[in-house]
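Enquirer: This one is start24.csv, CSV, C-alpha atoms.
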chain,number,residue,atom,x,y,z
A,1,MET,CA,0.0,0.0,0.0
A,2,ASP,CA,1.1,3.5,-0.8
A,3,GLU,CA,1.8,5.2,2.5
A,4,ASN,CA,0.2,8.3,1.2
A,5,SER,CA,-3.0,6.6,0.3
A,6,THR,CA,-6.1,8.2,1.9
A,7,GLY,CA,-8.0,4.9,2.1
A,8,ASN,CA,-10.9,6.1,-0.1
A,9,GLU,CA,-10.4,9.5,1.5
A,10,GLY,CA,-12.3,8.3,4.6
A,11,LEU,CA,-15.7,8.1,2.7
A,12,THR,CA,-18.1,5.6,4.2
A,13,ARG,CA,-21.8,4.9,3.8
A,14,ARG,CA,-22.3,7.3,6.8
A,15,ASN,CA,-21.3,10.2,4.7
A,16,TYR,CA,-24.5,12.1,3.7
A,17,ILE,CA,-25.6,14.5,0.9
A,18,ARG,CA,-26.3,18.0,2.1
A,19,TYR,CA,-29.2,19.7,0.3
A,20,GLY,CA,-29.2,23.5,0.0
A,21,GLY,CA,-32.5,25.4,0.3
A,22,THR,CA,-31.5,28.9,-0.8
A,23,ALA,CA,-32.4,28.6,-4.5
A,24,LEU,CA,-35.7,27.0,-3.7
A,25,GLY,CA,-36.6,29.6,-1.2
A,26,ALA,CA,-35.7,32.4,-3.5
A,27,GLY,CA,-38.0,31.0,-6.2
A,28,MET,CA,-40.9,30.8,-3.8
A,29,LEU,CA,-40.3,34.4,-2.7
A,30,ALA,CA,-40.2,35.7,-6.3
A,31,GLY,CA,-43.5,33.9,-7.2
A,32,CYS,CA,-45.3,35.3,-4.2
A,33,THR,CA,-44.2,38.9,-4.3
A,34,SER,CA,-45.2,39.2,-8.0
A,35,ASP,CA,-48.8,38.4,-7.1
A,36,SER,CA,-50.9,41.6,-6.5
A,37,SER,CA,-54.5,40.3,-6.8
A,38,GLY,CA,-55.6,41.6,-3.5
A,39,SER,CA,-54.6,42.7,0.0
A,40,ASP,CA,-55.5,39.4,1.7
A,41,GLU,CA,-53.5,37.5,-0.9
A,42,THR,CA,-50.7,40.0,-0.6
A,43,THR,CA,-50.7,39.6,3.2
A,44,ALA,CA,-50.7,35.9,2.9
A,45,ALA,CA,-47.9,36.0,0.4
A,46,ALA,CA,-45.8,38.2,2.6
A,47,GLU,CA,-46.3,35.8,5.5
A,48,THR,CA,-45.4,32.9,3.3
A,49,ALA,CA,-42.3,34.7,2.1
A,50,THR,CA,-41.2,35.4,5.7
A,51,GLU,CA,-41.8,31.8,6.7
A,52,THR,CA,-39.9,30.5,3.7
A,53,THR,CA,-37.0,32.9,4.3
A,54,ALA,CA,-36.8,31.8,8.0
A,55,ALA,CA,-36.9,28.1,6.9
A,56,THR,CA,-34.2,28.7,4.4
A,57,GLU,CA,-32.0,30.4,7.0
A,58,THR,CA,-32.6,27.5,9.4
A,59,GLU,CA,-31.6,25.0,6.7
A,60,SER,CA,-28.5,26.9,5.9
A,61,GLU,CA,-27.5,27.1,9.5
A,62,THR,CA,-28.1,23.4,9.9
A,63,GLU,CA,-25.9,22.7,6.8
A,64,THR,CA,-23.1,24.9,8.2
A,65,THR,CA,-23.3,23.1,11.6
A,66,GLU,CA,-23.1,19.7,9.9
A,67,ALA,CA,-20.2,20.8,7.8
A,68,ASP,CA,-18.5,22.3,10.8
A,69,ALA,CA,-19.0,19.0,12.7
A,70,SER,CA,-16.9,17.0,10.3
A,71,TYR,CA,-13.2,16.6,11.0
A,72,SER,CA,-10.2,14.7,9.8
A,73,VAL,CA,-7.5,12.5,11.4
A,74,THR,CA,-4.3,11.8,9.6
A,75,MET,CA,-2.4,8.6,10.4
A,76,GLU,CA,-0.2,6.4,8.3
A,77,PRO,CA,-0.8,4.2,6.4
A,78,MET,CA,-4.3,5.4,5.8
A,79,GLY,CA,-3.5,9.1,5.3
A,80,GLU,CA,-6.3,11.5,6.0
A,81,VAL,CA,-9.6,10.0,7.2
A,82,THR,CA,-12.7,12.2,7.5
A,83,PHE,CA,-15.5,11.7,10.0
A,84,ASP,CA,-18.9,13.4,9.7
A,85,SER,CA,-19.7,12.6,13.4
A,86,VAL,CA,-17.9,11.1,16.4
A,87,PRO,CA,-17.8,7.3,16.1
A,88,GLU,CA,-19.8,5.5,18.7
A,89,SER,CA,-19.1,1.8,17.9
A,90,TRP,CA,-15.7,0.4,17.3
A,91,ALA,CA,-13.5,-2.7,17.0
A,92,ALA,CA,-9.8,-2.9,17.6
A,93,TYR,CA,-7.4,-5.5,16.3
A,94,ASP,CA,-5.3,-5.7,19.5
A,95,GLY,CA,-5.6,-5.0,23.2
A,96,GLY,CA,-3.3,-1.9,22.9
A,97,TYR,CA,-5.8,0.0,20.8
A,98,ALA,CA,-8.7,-1.3,22.7
A,99,ASP,CA,-7.1,0.0,25.9
A,100,MET,CA,-6.6,3.4,24.3
A,101,ALA,CA,-10.4,3.6,23.7
A,102,VAL,CA,-11.1,2.5,27.3
A,103,ALA,CA,-8.7,5.2,28.6
A,104,LEU,CA,-10.6,7.8,26.6
A,105,GLY,CA,-13.9,6.8,28.3
A,106,VAL,CA,-15.4,5.2,25.2
A,107,GLY,CA,-15.0,1.5,26.1
A,108,ASP,CA,-18.7,0.9,26.0
A,109,GLY,CA,-18.6,1.2,22.2
A,110,VAL,CA,-16.6,-2.0,21.7
A,111,THR,CA,-18.2,-4.6,19.5
A,112,GLY,CA,-15.2,-7.0,19.1
A,113,VAL,CA,-11.5,-7.4,19.1
A,114,GLY,CA,-9.2,-9.0,16.5
A,115,GLY,CA,-7.2,-10.9,19.1
A,116,ALA,CA,-9.1,-11.0,22.4
A,117,GLY,CA,-6.8,-13.7,23.9
A,118,ARG,CA,-4.1,-11.0,24.3
A,119,TYR,CA,-6.4,-8.2,25.6
A,120,TYR,CA,-5.9,-8.2,29.3
A,121,THR,CA,-8.8,-6.5,31.0
A,122,TYR,CA,-8.3,-7.6,34.5
A,123,VAL,CA,-6.3,-4.4,35.2
A,124,TYR,CA,-9.5,-2.4,35.1
A,125,ASP,CA,-10.7,-4.2,38.2
A,126,GLU,CA,-8.2,-1.9,40.2
A,127,LEU,CA,-9.7,1.2,38.7
A,128,PRO,CA,-13.0,2.3,40.3
A,129,GLY,CA,-15.7,2.8,37.8
A,130,VAL,CA,-13.7,1.5,34.8
A,131,SER,CA,-14.8,-1.6,33.0
A,132,VAL,CA,-15.3,-3.1,29.5
A,133,ASP,CA,-18.0,-5.4,28.2
A,134,ARG,CA,-16.0,-8.7,28.3
A,135,GLU,CA,-19.1,-10.7,27.2
A,136,GLN,CA,-19.3,-8.7,24.0
A,137,ILE,CA,-15.6,-9.1,23.4
A,138,GLU,CA,-15.8,-12.9,23.9
A,139,ALA,CA,-18.7,-13.0,21.5
A,140,TYR,CA,-16.4,-11.6,18.8
A,141,PRO,CA,-12.9,-12.5,19.9
A,142,GLU,CA,-11.2,-12.7,16.5
A,143,VAL,CA,-12.7,-10.0,14.2
A,144,ARG,CA,-10.6,-10.6,11.0
A,145,THR,CA,-13.0,-11.5,8.2
A,146,LYS,CA,-15.0,-9.2,6.0
A,147,GLU,CA,-18.2,-11.0,7.0
A,148,GLU,CA,-17.6,-10.0,10.6
A,149,PHE,CA,-16.8,-6.4,9.7
A,150,TYR,CA,-20.2,-6.2,7.8
A,151,GLU,CA,-22.0,-7.9,10.7
A,152,LEU,CA,-20.7,-5.6,13.4
A,153,ASP,CA,-21.3,-2.5,11.3
A,154,ASN,CA,-18.9,-0.3,13.3
A,155,ASP,CA,-18.3,3.4,13.0
A,156,VAL,CA,-14.5,3.0,13.0
A,157,HIS,CA,-12.0,0.1,12.9
A,158,LEU,CA,-8.8,0.6,15.0
A,159,TYR,CA,-6.7,-1.7,12.7
A,160,ASP,CA,-3.6,-1.3,10.6
A,161,PRO,CA,-5.1,-2.4,7.3
A,162,ASN,CA,-1.7,-3.6,6.1
A,163,MET,CA,-1.7,-6.1,9.0
A,164,LEU,CA,-4.9,-7.6,7.6
A,165,ILE,CA,-3.2,-7.9,4.2
A,166,ASN,CA,0.0,-9.4,5.4
A,167,TRP,CA,-1.3,-11.7,8.1
A,168,PHE,CA,-4.8,-12.7,7.1
A,169,ASP,CA,-4.8,-12.9,3.3
A,170,TRP,CA,-6.7,-9.7,2.6
A,171,ASP,CA,-5.9,-7.6,-0.4
A,172,GLN,CA,-6.2,-3.9,-1.0
A,173,GLU,CA,-9.6,-4.3,-2.7
A,174,ASP,CA,-10.9,-5.9,0.5
A,175,VAL,CA,-9.6,-3.1,2.6
A,176,ASP,CA,-11.2,-0.5,0.3
A,177,GLU,CA,-14.5,-2.3,0.2
A,178,ILE,CA,-14.8,-2.3,4.0
A,179,ALA,CA,-13.7,1.3,4.3
A,180,GLU,CA,-16.2,2.3,1.7
A,181,ASN,CA,-19.2,0.2,2.7
A,182,VAL,CA,-18.8,0.0,6.5
A,183,ALA,CA,-16.3,2.4,8.1
A,184,PRO,CA,-12.7,3.6,7.8
A,185,PHE,CA,-9.6,2.1,9.3
A,186,VAL,CA,-7.4,4.1,11.7
A,187,GLY,CA,-4.4,2.3,13.1
A,188,ASN,CA,-0.7,1.4,12.8
A,189,LEU,CA,1.0,-1.7,13.9
A,190,ILE,CA,3.3,-0.4,16.7
A,191,PHE,CA,4.1,-3.2,19.1
A,192,ARG,CA,7.3,-4.1,17.2
A,193,ARG,CA,9.3,-2.6,14.4
A,194,SER,CA,10.8,-5.6,12.7
A,195,ASP,CA,8.3,-6.5,9.9
A,196,GLY,CA,9.7,-5.8,6.5
A,197,TRP,CA,6.3,-4.9,5.0
A,198,HIS,CA,5.9,-2.1,7.5
A,199,ASP,CA,7.8,0.5,5.4
A,200,TYR,CA,6.0,3.6,6.6
A,201,ARG,CA,6.0,5.7,9.7
A,202,TYR,CA,5.8,4.1,13.2
A,203,TYR,CA,4.3,5.8,16.2
A,204,THR,CA,5.2,5.7,19.8
A,205,LEU,CA,2.5,4.6,22.2
A,206,TYR,CA,1.4,8.1,23.1
A,207,GLU,CA,1.6,9.3,19.5
A,208,ALA,CA,-0.8,6.6,18.5
A,209,PHE,CA,-3.0,7.3,21.6
A,210,GLU,CA,-3.2,10.9,20.5
A,211,LYS,CA,-4.5,9.9,17.1
A,212,VAL,CA,-7.2,7.7,18.7
A,213,ALA,CA,-8.1,10.6,20.9
A,214,GLN,CA,-8.6,12.7,17.8
A,215,VAL,CA,-10.8,10.0,16.3
A,216,PHE,CA,-13.1,10.1,19.4
A,217,GLN,CA,-12.7,13.8,19.9
A,218,ARG,CA,-11.4,13.2,23.4
A,219,GLU,CA,-8.2,15.3,23.2
A,220,GLU,CA,-8.6,16.8,26.7
A,221,ARG,CA,-8.8,13.4,28.2
A,222,TYR,CA,-5.7,12.4,26.3
A,223,GLU,CA,-3.8,15.4,27.6
A,224,ALA,CA,-4.8,14.6,31.2
A,225,PHE,CA,-3.6,11.0,30.8
A,226,ALA,CA,-0.4,12.1,29.1
A,227,ALA,CA,0.4,14.5,32.0
A,228,LEU,CA,-0.3,11.7,34.5
A,229,HIS,CA,2.0,9.3,32.6
A,230,ASP,CA,4.8,11.8,32.3
A,231,GLU,CA,4.7,12.5,36.0
A,232,PHE,CA,4.7,8.8,36.8
A,233,ILE,CA,7.7,8.0,34.6
A,234,ALA,CA,9.7,11.0,35.8
A,235,GLU,CA,9.2,9.9,39.4
A,236,ILE,CA,10.2,6.3,38.6
A,237,GLN,CA,13.3,7.4,36.6
A,238,SER,CA,14.4,9.7,39.4
A,239,ARG,CA,14.8,6.7,41.7
A,240,LEU,CA,16.8,4.4,39.3
A,241,PRO,CA,20.3,3.4,40.1
A,242,PRO,CA,23.2,4.5,38.0
A,243,ALA,CA,23.4,3.0,34.5
A,244,ASP,CA,26.3,0.8,35.3
A,245,GLU,CA,24.3,-0.8,38.1
A,246,ARG,CA,21.3,-1.7,36.0
A,247,PRO,CA,20.8,-5.3,34.9
A,248,ASN,CA,20.9,-6.6,31.3
A,249,VAL,CA,17.8,-8.5,30.3
A,250,PHE,CA,16.8,-11.1,27.8
A,251,LEU,CA,13.2,-10.6,26.6
A,252,THR,CA,11.6,-13.7,25.0
A,253,TYR,CA,8.4,-15.4,24.1
A,254,GLU,CA,7.7,-19.0,25.3
A,255,GLY,CA,4.2,-19.8,26.3
A,256,THR,CA,4.7,-23.3,27.8
A,257,THR,CA,5.2,-24.0,31.5
A,258,GLU,CA,8.2,-26.3,30.6
A,259,PRO,CA,10.2,-24.1,28.2
A,260,GLU,CA,13.0,-25.7,26.1
A,261,THR,CA,13.4,-23.0,23.4
A,262,PHE,CA,12.9,-19.2,23.4
A,263,SER,CA,11.9,-16.7,20.7
A,264,PRO,CA,14.0,-13.6,21.1
A,265,TYR,CA,12.9,-9.9,21.2
A,266,ARG,CA,15.4,-7.1,20.9
A,267,LEU,CA,14.9,-4.0,23.2
A,268,ASN,CA,16.5,-1.7,20.5
A,269,ASP,CA,13.5,-2.5,18.3
A,270,LYS,CA,11.7,0.4,20.1
A,271,GLY,CA,8.2,-1.2,19.6
A,272,THR,CA,5.6,-0.2,22.2
A,273,SER,CA,5.7,-3.7,23.8
A,274,LYS,CA,9.2,-2.8,25.1
A,275,LYS,CA,8.3,0.7,26.4
A,276,GLN,CA,8.6,-0.1,30.1
A,277,TRP,CA,12.0,-1.7,29.7
A,278,ASN,CA,13.3,1.2,27.8
A,279,ASP,CA,11.8,3.7,30.3
A,280,LEU,CA,13.6,1.8,33.1
A,281,GLY,CA,17.0,2.0,31.4
A,282,VAL,CA,17.8,-1.7,31.3
A,283,THR,CA,20.2,-3.0,28.6
A,284,ASP,CA,19.6,-5.7,26.1
A,285,ALA,CA,21.5,-8.9,26.9
A,286,LEU,CA,21.7,-9.6,23.1
A,287,THR,CA,23.6,-6.4,22.4
A,288,GLY,CA,26.6,-7.3,20.3
A,289,THR,CA,25.1,-10.4,18.8
A,290,ASP,CA,23.6,-11.0,15.4
A,291,ILE,CA,20.4,-12.3,16.8
A,292,GLU,CA,17.4,-10.5,15.3
A,293,ASN,CA,14.0,-9.6,16.8
A,294,LEU,CA,11.0,-11.9,16.3
A,295,SER,CA,9.0,-10.9,13.3
A,296,THR,CA,6.7,-12.2,10.5
A,297,THR,CA,9.7,-13.6,8.7
A,298,ASN,CA,12.1,-14.3,11.5
A,299,ARG,CA,10.9,-17.2,13.7
A,300,GLY,CA,14.3,-18.2,15.1
A,301,GLU,CA,14.6,-19.7,18.6
A,302,LEU,CA,17.4,-20.1,21.1
A,303,ASP,CA,17.9,-23.2,23.3
A,304,TYR,CA,19.5,-23.3,26.8
A,305,GLU,CA,23.0,-23.8,25.4
A,306,ASN,CA,22.6,-20.7,23.3
A,307,LEU,CA,21.4,-18.8,26.3
A,308,LEU,CA,24.3,-19.9,28.4
A,309,GLU,CA,26.6,-18.1,25.9
A,310,VAL,CA,24.6,-14.9,26.7
A,311,ASP,CA,23.9,-15.6,30.3
A,312,PRO,CA,21.6,-12.6,31.0
A,313,ASP,CA,21.1,-11.1,34.5
A,314,VAL,CA,17.3,-11.2,34.1
A,315,MET,CA,15.0,-13.3,31.8
A,316,LEU,CA,11.6,-11.9,30.9
A,317,VAL,CA,9.3,-14.6,29.5
A,318,ARG,CA,6.1,-13.6,27.6
A,319,GLY,CA,3.1,-15.8,27.2
A,320,HIS,CA,2.1,-16.2,30.9
A,321,GLU,CA,0.0,-13.1,31.6
A,322,ARG,CA,-2.9,-15.2,32.9
A,323,LYS,CA,-0.7,-16.3,35.7
A,324,THR,CA,0.1,-14.4,38.9
A,325,ALA,CA,3.7,-13.7,39.8
A,326,ALA,CA,3.6,-16.5,42.3
A,327,GLU,CA,2.0,-19.0,39.8
A,328,PHE,CA,4.7,-18.1,37.3
A,329,ARG,CA,7.5,-18.8,39.8
A,330,ASP,CA,5.9,-22.1,40.9
A,331,THR,CA,5.7,-23.4,37.3
A,332,VAL,CA,8.0,-21.8,34.7
A,333,LEU,CA,10.8,-20.8,37.0
A,334,ALA,CA,10.6,-24.1,39.0
A,335,TYR,CA,11.0,-26.1,35.8
A,336,MET,CA,14.0,-24.0,34.7
A,337,GLU,CA,15.6,-24.5,38.1
A,338,ASP,CA,15.4,-28.3,37.7
A,339,HIS,CA,16.6,-28.3,34.1
A,340,PRO,CA,20.1,-29.7,33.7
A,341,VAL,CA,21.2,-26.8,31.5
A,342,GLY,CA,18.7,-24.1,32.3
A,343,GLY,CA,19.6,-24.4,36.0
A,344,GLU,CA,23.1,-23.1,35.2
A,345,LEU,CA,21.8,-19.7,34.0
A,346,THR,CA,22.6,-16.9,36.3
A,347,ALA,CA,19.1,-15.5,36.1
A,348,VAL,CA,17.6,-18.8,37.0
A,349,GLN,CA,20.0,-19.4,39.9
A,350,ASN,CA,19.2,-15.9,41.3
A,351,GLY,CA,15.5,-16.4,40.8
A,352,ARG,CA,15.3,-13.5,38.3
A,353,VAL,CA,13.1,-15.0,35.7
A,354,TYR,CA,9.8,-13.0,35.4
A,355,ARG,CA,6.7,-12.6,33.2
A,356,GLY,CA,7.6,-10.4,30.3
A,357,GLY,CA,4.6,-8.2,29.9
A,358,TYR,CA,1.9,-7.9,27.3
A,359,LEU,CA,2.7,-8.0,23.6
A,360,ASN,CA,0.1,-5.3,23.0
A,361,GLN,CA,-0.2,-2.6,25.6
A,362,GLY,CA,-2.2,0.6,25.8
A,363,PRO,CA,-1.8,3.6,28.2
A,364,ILE,CA,-3.6,2.0,31.1
A,365,HIS,CA,-1.8,-1.3,30.6
A,366,ASN,CA,1.5,0.5,30.5
A,367,LEU,CA,1.1,2.1,33.9
A,368,PHE,CA,0.6,-1.3,35.5
A,369,LEU,CA,3.3,-3.0,33.5
A,370,THR,CA,5.8,-0.2,34.3
A,371,GLU,CA,5.0,-0.6,38.0
A,372,ARG,CA,5.5,-4.3,37.8
A,373,ALA,CA,8.7,-4.0,35.8
A,374,ALA,CA,10.2,-1.5,38.3
A,375,LYS,CA,9.7,-4.1,41.0
A,376,GLN,CA,11.2,-6.8,38.8
A,377,MET,CA,14.3,-4.9,37.9
A,378,TYR,CA,14.9,-2.9,41.2
A,379,PRO,CA,13.2,-4.7,44.1
A,380,GLU,CA,15.4,-3.0,46.6
A,381,GLU,CA,14.0,0.4,45.6
A,382,PHE,CA,10.4,-0.4,44.6
A,383,GLY,CA,9.5,-3.5,46.5
A,384,GLU,CA,9.1,-7.2,45.5
A,385,VAL,CA,7.0,-8.0,42.5
A,386,THR,CA,4.9,-10.2,44.6
A,387,GLY,CA,4.2,-7.4,47.0
A,388,ASP,CA,1.3,-5.0,47.1
A,389,ALA,CA,3.1,-1.6,46.9
A,390,GLU,CA,1.4,0.8,44.5
A,391,LEU,CA,3.6,3.2,42.5
A,392,PHE,CA,0.8,5.2,40.9
A,393,ASP,CA,-2.6,6.6,42.0
A,394,ARG,CA,-5.4,4.2,40.8
A,395,GLN,CA,-8.1,6.7,41.6
A,396,ARG,CA,-6.5,9.5,39.6
A,397,VAL,CA,-6.3,7.2,36.6
A,398,ALA,CA,-10.0,6.2,37.1
A,399,ASP,CA,-10.9,9.9,37.3
A,400,VAL,CA,-9.3,10.7,34.0
A,401,VAL,CA,-11.0,7.7,32.3
A,402,THR,CA,-14.4,8.7,33.7
A,403,GLY,CA,-13.9,12.4,32.9
A,404,GLU,CA,-13.6,13.6,36.4
A,405,PHE,CA,-10.4,15.6,36.2
Would it be possible to restate this file's structure as structure tokens?
Expert:
Amino acid sequence: MDENSTGNEGLTRRNYIRYGGTALGAGMLAGCTSDSSGSDETTAAAETATETTAATETESETETTEADASYSVTMEPMGEVTFDSVPESWAAYDGGYADMAVALGVGDGVTGVGGAGRYYTYVYDELPGVSVDREQIEAYPEVRTKEEFYELDNDVHLYDPNMLINWFDWDQEDVDEIAENVAPFVGNLIFRRSDGWHDYRYYTLYEAFEKVAQVFQREERYEAFAALHDEFIAEIQSRLPPADERPNVFLTYEGTTEPETFSPYRLNDKGTSKKQWNDLGVTDALTGTDIENLSTTNRGELDYENLLEVDPDVMLVRGHERKTAAEFRDTVLAYMEDHPVGGELTAVQNGRVYRGGYLNQGPIHNLFLTERAAKQMYPEEFGEVTGDAELFDRQRVADVVTGEF
């Protein structure tokens, strides 16, 4: 797809034809004022003319209001997308974009998610008054086909359309069809930056969040959330140890409780799924190696012998977000401790193998994941990861989400 493509210039079936009334009103006025058959008729004609003029002015004002209500959002790869009204219903491919909508207070508009298995909503339980309709999401947990897009009939789709093309066998005609007949796409795959087909601009988490805020016309809520985030990160970073005292980490995916091989992630990839690690100033244990980040085309894995050559200070294993910290230690870490080779790893011997965080994270997720990661990396400063210490104000987050700020 051309990165400058406008995606049918944002036209959907919800665009409407605006009819003008000025010419019609003028014609009626001319016909009435030319009639001089009598005073009663003249009076009636004058009244009719006045009413017609008023109606014409009202129609004109309505047209102006409707025209003024339209707005545009520009985001790659779609380009400029125009909305005639604020979307009410939406679907998102991943939990990161769904979480953005929830953070903006429009979570009740969700109709489905492209990958519900990786949308972790349990964090909302800690935020008073914040929730999402999990039953609706579970009814449509993998919205990836044109038929489902038609069925759900959303006002906007928070998807990178190129992801549908490269992962789910869509073509450009399919994307154009849904954008034209249902609703536009607004989204950019941002959780990693290692896919060759993604040859257009990437966005940081908060850059993408701002675009979604523009879609839903919730810019003030975005600004309040961004201010909260910036304060939180600044406070955490002010308490970090010197750079030469920070651990190096190996971030990986392995979803089994008895891992034998590990798919590598690189922290220098700068995707949003690594945001908390980069904010916490840790170093990539794979620095200086030729090992590449997991991607659509790179599915390489490392075994325990490979890991021993790197021997990271900390291992972060993704694929276990339905487990608590204690459950993870009792299963995955326990298995690695008993493994004849894995048990030789420094991270394993020191008990520094942790859950690696969500693949797709939004702004609410990121606060919780950063809090957890700070404890994982620097327990002496922030407390043990199994502890209850809170590093940010849950009520303040809830107030932003619910608009009480």
Enquirer: Write out as a list in words each polymer residue whose atoms come within 9 Å of A:Glu138, counting all atoms listed in the file; drop sequence neighbours fewer than 6 positions from it.
Expert: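 Close residues of A:Glu138: Gly112, Val113 and Ala116 of chain A.
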Enquirer: Give me the residues within 7 Å of stretch 100-102 of chain A as number ranges by chain, counting only C-alpha atoms and dropping any in the same chain fewer than 6 places off.
Expert: A: 209, 362-363
Enquirer: Determine, for each residue of stretch 232-310 of chain A having at least one atom at most 12 Å from an atom of stretch 323-342 of chain A, the closest pair of atoms and their separation in Å to one decimal, counting only C-alpha atoms; order by chain and ascending number, as CSV.
Expert:
residue,atom,partner,partner_atom,distance
A:Glu254,CA,A:Val332,CA,9.8
A:Gly255,CA,A:Val332,CA,9.4
A:Thr256,CA,A:Val332,CA,7.8
A:Thr257,CA,A:Val332,CA,4.8
A:Glu258,CA,A:Tyr335,CA,5.9
A:Pro259,CA,A:Val332,CA,7.2
A:Glu260,CA,A:Gly342,CA,8.6
A:Thr261,CA,A:Gly342,CA,10.4
A:Phe262,CA,A:Gly342,CA,11.7
A:Leu302,CA,A:Gly342,CA,12.0
A:Asp303,CA,A:Gly342,CA,9.1
A:Tyr304,CA,A:Gly342,CA,5.6
A:Glu305,CA,A:Val341,CA,7.0
A:Asn306,CA,A:Val341,CA,10.3
A:Leu307,CA,A:Gly342,CA,8.4
A:Leu308,CA,A:Gly342,CA,8.0
A:Glu309,CA,A:Val341,CA,11.7
Enquirer: Just C-alpha atoms for this one: save the residues we selected as a PDB file, keeping the file's coordinate frame.
Expert:
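This went into again.pdb:
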ATOM      1  CA  GLU A 254       7.700 -19.000  25.300  1.00  0.00           C
ATOM      2  CA  GLY A 255       4.200 -19.800  26.300  1.00  0.00           C
ATOM      3  CA  THR A 256       4.700 -23.300  27.800  1.00  0.00           C
ATOM      4  CA  THR A 257       5.200 -24.000  31.500  1.00  0.00           C
ATOM      5  CA  GLU A 258       8.200 -26.300  30.600  1.00  0.00           C
ATOM      6  CA  PRO A 259      10.200 -24.100  28.200  1.00  0.00           C
ATOM      7  CA  GLU A 260      13.000 -25.700  26.100  1.00  0.00           C
ATOM      8  CA  THR A 261      13.400 -23.000  23.400  1.00  0.00           C
ATOM      9  CA  PHE A 262      12.900 -19.200  23.400  1.00  0.00           C
ATOM     10  CA  LEU A 302      17.400 -20.100  21.100  1.00  0.00           C
ATOM     11  CA  ASP A 303      17.900 -23.200  23.300  1.00  0.00           C
ATOM     12  CA  TYR A 304      19.500 -23.300  26.800  1.00  0.00           C
ATOM     13  CA  GLU A 305      23.000 -23.800  25.400  1.00  0.00           C
ATOM     14  CA  ASN A 306      22.600 -20.700  23.300  1.00  0.00           C
ATOM     15  CA  LEU A 307      21.400 -18.800  26.300  1.00  0.00           C
ATOM     16  CA  LEU A 308      24.300 -19.900  28.400  1.00  0.00           C
ATOM     17  CA  GLU A 309      26.600 -18.100  25.900  1.00  0.00           C
TER      18      GLU A 309
END
Enquirer: Can you work out which one of A:Asn181, A:Asn268, A:Asn188, A:Thr402 has the shortest atom-to-atom distance to A:Val249, counting all atoms listed in the file?
Expert: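 Of A:Asn181, A:Asn268, A:Asn188, A:Thr402, the one nearest A:Val249 is A:Asn268, counting all atoms listed in the file.
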Enquirer: Looking at A:Trp90, A:Tyr265, A:Phe168, A:Phe392, which one is nearest to A:Asp153, with distances taken over all atoms listed in the file?
Expert: A:Trp90
Enquirer: For the atom pair atom CA of A:Ile291 and atom CA of A:Gly356, what is the interatomic distance in Å to one decimal place?
Expert: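 Rounded to one decimal, the two atoms are 18.7 Å apart.
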Enquirer: Go through A:Thr82, A:Glu404, A:Glu220, A:Asp399 and flag the residue nearest A:Ser70, using all atoms listed in the file for the distances.
Expert: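 Once distances to A:Ser70 are computed over all atoms listed in the file, the minimum belongs to A:Thr82.
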Enquirer: For A:Arg352, which of A:Arg266, A:Arg221, A:His365, A:Lys375 is the closest residue, counting all atoms listed in the file?
Expert: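 Nearest to A:Arg352: A:Lys375.
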Enquirer: Please report the interatomic distance between atom CA of A:Gly357 and atom CA of A:Gln276 in Å with one decimal.
Expert: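 Computed distance, atom CA of A:Gly357 to atom CA of A:Gln276, equals 9.0 Å.
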Enquirer: How many Å separate atom CA of A:Gly96 from atom CA of A:Leu391?
Expert: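 These two atoms are separated by 21.4 Å.
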Enquirer: Determine the nearest neighbour of A:Ile190 from the options A:Ala373, A:Met78, A:Ile137, A:Leu359, counting all atoms listed in the file.
Expert: A:Leu359
Enquirer: Any idea what's packed within 10 Å of A:Pro247, counting only C-alpha atoms, ignoring anything in its chain fewer than 5 positions away? Could you give it as number ranges by chain?
Expert: A: 281-285, 312-314, 377-378
Enquirer: With all atoms listed in the file as the atoms that count, which of A:Ala347, A:Ala179, A:Val186, A:Leu104 lies nearest to A:Met75?
Expert: A:Val186
Enquirer: For the structure just given, write the atoms of stretch 196-211 of chain A, namely C-alpha atoms, as an mmCIF file, in the first residue's frame.
Expert:
data_model
loop_
_atom_site.group_PDB
_atom_site.id
_atom_site.type_symbol
_atom_site.label_atom_id
_atom_site.label_comp_id
_atom_site.auth_asym_id
_atom_site.auth_seq_id
_atom_site.Cartn_x
_atom_site.Cartn_y
_atom_site.Cartn_z
ATOM 1 C CA GLY A 196 9.685 -5.819 6.467
ATOM 2 C CA TRP A 197 6.275 -4.947 5.043
ATOM 3 C CA HIS A 198 5.881 -2.071 7.511
ATOM 4 C CA ASP A 199 7.781 0.477 5.411
ATOM 5 C CA TYR A 200 5.956 3.591 6.608
ATOM 6 C CA ARG A 201 6.041 5.708 9.731
ATOM 7 C CA TYR A 202 5.840 4.118 13.174
ATOM 8 C CA TYR A 203 4.273 5.822 16.169
ATOM 9 C CA THR A 204 5.159 5.728 19.839
ATOM 10 C CA LEU A 205 2.468 4.583 22.247
ATOM 11 C CA TYR A 206 1.414 8.115 23.092
ATOM 12 C CA GLU A 207 1.590 9.339 19.488
ATOM 13 C CA ALA A 208 -0.835 6.591 18.500
ATOM 14 C CA PHE A 209 -2.952 7.282 21.587
ATOM 15 C CA GLU A 210 -3.244 10.925 20.540
ATOM 16 C CA LYS A 211 -4.494 9.881 17.091
#
